[in-house]
Structure formats: structure tokens, C-alpha cells
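Q: start-v6.cif (mmCIF, C-alpha atoms) pasted underneath:
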data_data
loop_
_atom_site.group_PDB
_atom_site.id
_atom_site.type_symbol
_atom_site.label_atom_id
_atom_site.label_comp_id
_atom_site.auth_asym_id
_atom_site.auth_seq_id
_atom_site.Cartn_x
_atom_site.Cartn_y
_atom_site.Cartn_z
ATOM 1 C CA MET A 1 1.458 -30.104 25.074
ATOM 2 C CA GLY A 2 2.421 -29.908 21.427
ATOM 3 C CA ILE A 3 4.219 -27.419 19.222
ATOM 4 C CA LYS A 4 1.978 -24.656 17.840
ATOM 5 C CA LEU A 5 2.454 -23.036 14.428
ATOM 6 C CA PHE A 6 0.988 -19.810 13.061
ATOM 7 C CA VAL A 7 -0.431 -19.957 9.514
ATOM 8 C CA GLY A 8 -1.017 -16.600 7.863
ATOM 9 C CA ASN A 9 -2.346 -15.229 4.575
ATOM 10 C CA LEU A 10 -5.105 -17.825 4.423
ATOM 11 C CA HIS A 11 -7.836 -17.546 1.825
ATOM 12 C CA PHE A 12 -11.012 -16.422 3.604
ATOM 13 C CA GLY A 13 -12.712 -19.611 2.436
ATOM 14 C CA SER A 14 -10.112 -21.897 4.037
ATOM 15 C CA THR A 15 -11.392 -24.112 6.839
ATOM 16 C CA SER A 16 -9.884 -25.837 9.844
ATOM 17 C CA GLN A 17 -10.391 -29.122 7.989
ATOM 18 C CA ASP A 18 -8.327 -27.773 5.051
ATOM 19 C CA LEU A 19 -5.484 -27.029 7.466
ATOM 20 C CA ARG A 20 -5.762 -30.436 9.120
ATOM 21 C CA GLU A 21 -5.546 -32.214 5.757
ATOM 22 C CA VAL A 22 -2.600 -30.229 4.382
ATOM 23 C CA PHE A 23 -0.551 -30.172 7.575
ATOM 24 C CA GLY A 24 -1.389 -33.787 8.391
ATOM 25 C CA ARG A 25 0.990 -34.800 5.599
ATOM 26 C CA CYS A 26 3.852 -33.583 7.803
ATOM 27 C CA GLY A 27 2.925 -35.481 10.971
ATOM 28 C CA GLU A 28 0.343 -35.944 13.707
ATOM 29 C CA VAL A 29 -1.858 -32.846 14.003
ATOM 30 C CA LEU A 30 -3.345 -32.409 17.471
ATOM 31 C CA ASP A 31 -5.405 -29.346 16.578
ATOM 32 C CA ALA A 32 -6.114 -27.155 13.539
ATOM 33 C CA THR A 33 -8.052 -23.906 13.850
ATOM 34 C CA VAL A 34 -8.878 -21.071 11.456
ATOM 35 C CA ILE A 35 -9.545 -17.962 13.541
ATOM 36 C CA GLN A 36 -12.903 -16.317 12.861
ATOM 37 C CA ASP A 37 -14.194 -12.828 13.554
ATOM 38 C CA ARG A 38 -16.494 -12.835 16.589
ATOM 39 C CA ASP A 39 -19.038 -10.520 15.039
ATOM 40 C CA THR A 40 -19.245 -11.777 11.457
ATOM 41 C CA GLY A 41 -18.084 -15.392 11.753
ATOM 42 C CA ARG A 42 -15.833 -14.767 8.742
ATOM 43 C CA SER A 43 -12.251 -16.016 8.677
ATOM 44 C CA ARG A 44 -9.659 -13.480 9.820
ATOM 45 C CA GLY A 45 -7.127 -14.941 7.351
ATOM 46 C CA PHE A 46 -4.959 -16.826 9.821
ATOM 47 C CA GLY A 47 -4.984 -19.916 11.953
ATOM 48 C CA PHE A 48 -2.999 -22.243 14.175
ATOM 49 C CA ILE A 49 -1.798 -25.822 13.892
ATOM 50 C CA GLU A 50 -0.600 -27.887 16.822
ATOM 51 C CA PHE A 51 1.705 -30.865 16.270
ATOM 52 C CA SER A 52 2.572 -33.547 18.800
ATOM 53 C CA ALA A 53 6.264 -33.586 17.805
ATOM 54 C CA ASP A 54 8.753 -30.759 17.300
ATOM 55 C CA SER A 55 10.238 -32.551 14.283
ATOM 56 C CA ASP A 56 6.828 -32.627 12.559
ATOM 57 C CA ALA A 57 6.337 -28.909 13.213
ATOM 58 C CA GLN A 58 9.787 -28.093 11.801
ATOM 59 C CA ARG A 59 9.033 -30.248 8.760
ATOM 60 C CA ALA A 60 5.750 -28.365 8.198
ATOM 61 C CA ILE A 61 7.539 -25.012 8.352
ATOM 62 C CA SER A 62 10.216 -26.057 5.873
ATOM 63 C CA GLU A 63 7.839 -27.809 3.466
ATOM 64 C CA LEU A 64 4.738 -25.600 3.595
ATOM 65 C CA ASP A 65 5.914 -22.021 4.199
ATOM 66 C CA GLY A 66 5.379 -20.125 0.946
ATOM 67 C CA THR A 67 3.293 -22.862 -0.675
ATOM 68 C CA GLU A 68 -0.162 -22.307 -2.116
ATOM 69 C CA LEU A 69 -3.372 -23.209 -0.301
ATOM 70 C CA ASN A 70 -6.693 -22.365 -1.945
ATOM 71 C CA GLY A 71 -5.010 -19.916 -4.303
ATOM 72 C CA ARG A 72 -2.933 -18.013 -1.726
ATOM 73 C CA SER A 73 0.703 -18.295 -0.699
ATOM 74 C CA ILE A 74 0.629 -19.130 3.014
ATOM 75 C CA ASN A 75 3.091 -18.102 5.727
ATOM 76 C CA VAL A 76 4.012 -20.765 8.275
ATOM 77 C CA SER A 77 6.068 -20.068 11.404
ATOM 78 C CA LEU A 78 6.298 -20.929 15.080
ATOM 79 C CA ALA A 79 3.457 -19.309 16.997
ATOM 80 C CA ARG A 80 4.442 -16.690 19.539
ATOM 81 C CA GLU A 81 2.875 -16.745 22.967
ATOM 82 C CA ARG A 82 0.636 -13.735 23.557
ATOM 83 C CA SER A 83 1.446 -11.844 26.702
ATOM 84 C CA ARG A 84 -1.325 -10.912 29.098
ATOM 85 C CA GLY A 85 -3.230 -7.867 27.875
ATOM 86 C CA ASP A 86 -1.633 -8.007 24.413
ATOM 87 C CA SER A 87 -4.015 -6.560 21.826
ATOM 88 C CA SER A 88 -1.545 -7.035 19.007
ATOM 89 C CA ASP A 89 -2.845 -8.524 15.782
ATOM 90 C CA GLY A 90 0.397 -10.516 15.344
ATOM 91 C CA ARG A 91 1.790 -8.187 12.681
ATOM 92 C CA GLY A 92 3.118 -5.455 14.934
ATOM 93 C CA GLY A 93 -0.119 -3.459 14.881
ATOM 94 C CA HIS A 94 -3.032 -3.333 17.209
ATOM 95 C CA SER A 95 -6.382 -4.902 16.538
ATOM 96 C CA ARG A 96 -8.192 -2.266 18.591
ATOM 97 C CA ARG A 97 -7.664 1.443 18.767
ATOM 98 C CA VAL A 98 -7.624 2.967 22.205
ATOM 99 C CA ASN A 99 -8.243 6.671 22.580
ATOM 100 C CA ARG A 100 -6.087 8.204 25.261
ATOM 101 C CA TRP A 101 -7.217 11.681 26.268
#
Can the structure in the file be given as C-alpha cells, please?
A:
Amino acid sequence: MGIKLFVGNLHFGSTSQDLREVFGRCGEVLDATVIQDRDTGRSRGFGFIEFSADSDAQRAISELDGTELNGRSINVSLARERSRGDSSDGRGGHSRRVNRW
């Protein structure tokens, strides 16, 4: 299993192939995915990159965090593992509202 990175603040037109090309300059990319909304199919503005080597992932963070991709300054960091039942959107909020009566 590789090292997974979170990429945030993506332009809504960015594709998984865009990520693969840009991050591939830092090392061997095992997987590149832009997350899409289930209902609309539109990008949610973030994605994940998986590298085979920790050193390549660290290089990508140091070289690409804060750089521009398709007109937007991207955020690159280590991905956090989601805990079971976590409905967090990754920014400290919740992606779904739950009414508790």
C-alpha cells in the first residue's frame, strides 16, 4: 500500500488525469482521483493521490503545496484516515446535517 495525499482547493474543471500528470513529476503515482458529487457528477474540489514511496509523497507536499493548478492555489497534505461513521467533510464541518429531536 502506498502513501496517500489529500489535494484541496481544486478547480472544478480539474481531472484525475491532471493530477496524475502534475504529481507524476514527483515520483511514481499509483492512483489519482478527483472526488465527484454523487448526484451531479461535478467535482467536489478535492482529490487524492497515492504514491508508491514515502519520499515521493513528501517531495510532492514540499514542491506542490501552494502552487497553482488550473488557476487555483492547491493545498497538498497527508490524507487522514476517515474513522467509521465519520461524516466530516475534511474541514472540520459535516457534509450532512442531522436533525436531532
Q: With distances taken over only C-alpha atoms, which of A:Gly45, A:Gly8, A:Gly24, A:Gly66 is nearest to Leu78 in chain A?
A: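 Residue with the minimum atom-to-atom distance to Leu78 in chain A: A:Gly8.
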Q: Need to verify the contact set: Gly2 in chain A, 12 Å, only C-alpha atoms, exclusion of same-chain residues closer than 5 positions in sequence. Can you return it as a VMD selection string?
A: chain A and resid 27 to 32 48 to 57 78 to 79
Q: Please compute the CA of Arg72 in chain A-CA of Arg25 in chain A distance, one decimal, in Å.
A: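 The value is 18.7 Å.
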Q: Hey, what comes out of the PyMOL selection byres ((chain A and resi 11) around 7) on this file? Could you write it as a list in words?
A: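 So the PyMOL selection byres ((chain A and resi 11) around 7) ends up selecting Asn9, Leu10, Phe12, Gly13, Ser14, Gly45, Asn70 and Arg72 of chain A.
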Q: For a test of reading the model, state the distance in Å between CA of Gly41 in chain A and CA of Val7 in chain A, rounded to one decimal.
A: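 A separation of 18.4 Å between them.
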Q: As an exercise, work out the distance from CA of Arg80 in chain A to CA of Ile61 in chain A in Å and give it to one decimal place.
A: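 Separation of CA of Arg80 in chain A and CA of Ile61 in chain A: 14.3 Å.
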Q: Could you list, as number ranges by chain, every residue within 8 Å of Ser16 in chain A, counting all atoms listed in the file and ignoring same-chain residues fewer than 6 positions away?
A: A: 32-34, 47
Q: So for range 61-64 of chain A, what box centre and size do we get, axis-aligned, 8 Å extra on each of the six sides, every listed atom, Å to one decimal, as JSON?
A:
{"center_x": 7.5, "center_y": -26.4, "center_z": 5.9, "size_x": 21.5, "size_y": 18.8, "size_z": 20.9}
Q: Using the chain letters and numbers from this file, what does the PyMOL selection byres ((chain A and resi 76) around 7) select? Give the answer as a list in words.
A: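 Those residues are Leu5, Phe6, Val7, Gly8, Ile61, Leu64, Asp65, Ile74, Asn75 and Ser77 of chain A.
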Q: For the residues in the current selection, export C-alpha atoms as a PDB file, in the frame of the given file.
A:
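Listing of part_7.pdb after writing:
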ATOM      1  CA  LEU A   5       2.454 -23.036  14.428  1.00  0.00           C
ATOM      2  CA  PHE A   6       0.988 -19.810  13.061  1.00  0.00           C
ATOM      3  CA  VAL A   7      -0.431 -19.957   9.514  1.00  0.00           C
ATOM      4  CA  GLY A   8      -1.017 -16.600   7.863  1.00  0.00           C
ATOM      5  CA  ILE A  61       7.539 -25.012   8.352  1.00  0.00           C
ATOM      6  CA  LEU A  64       4.738 -25.600   3.595  1.00  0.00           C
ATOM      7  CA  ASP A  65       5.914 -22.021   4.199  1.00  0.00           C
ATOM      8  CA  ILE A  74       0.629 -19.130   3.014  1.00  0.00           C
ATOM      9  CA  ASN A  75       3.091 -18.102   5.727  1.00  0.00           C
ATOM     10  CA  SER A  77       6.068 -20.068  11.404  1.00  0.00           C
TER      11      SER A  77
END
Q: For Ile35 in chain A, please output as a list in words all residues within 7 Å (counting only C-alpha atoms; exclusion window: fewer than 5 positions along the same chain).
A: Ser43, Arg44, Phe46 and Gly47 of chain A
Q: Quick one: of A:Arg38, A:Lys4, A:Ser62, A:Ser83, who's nearest to Cys26 in chain A, counting only C-alpha atoms?
A: A:Ser62
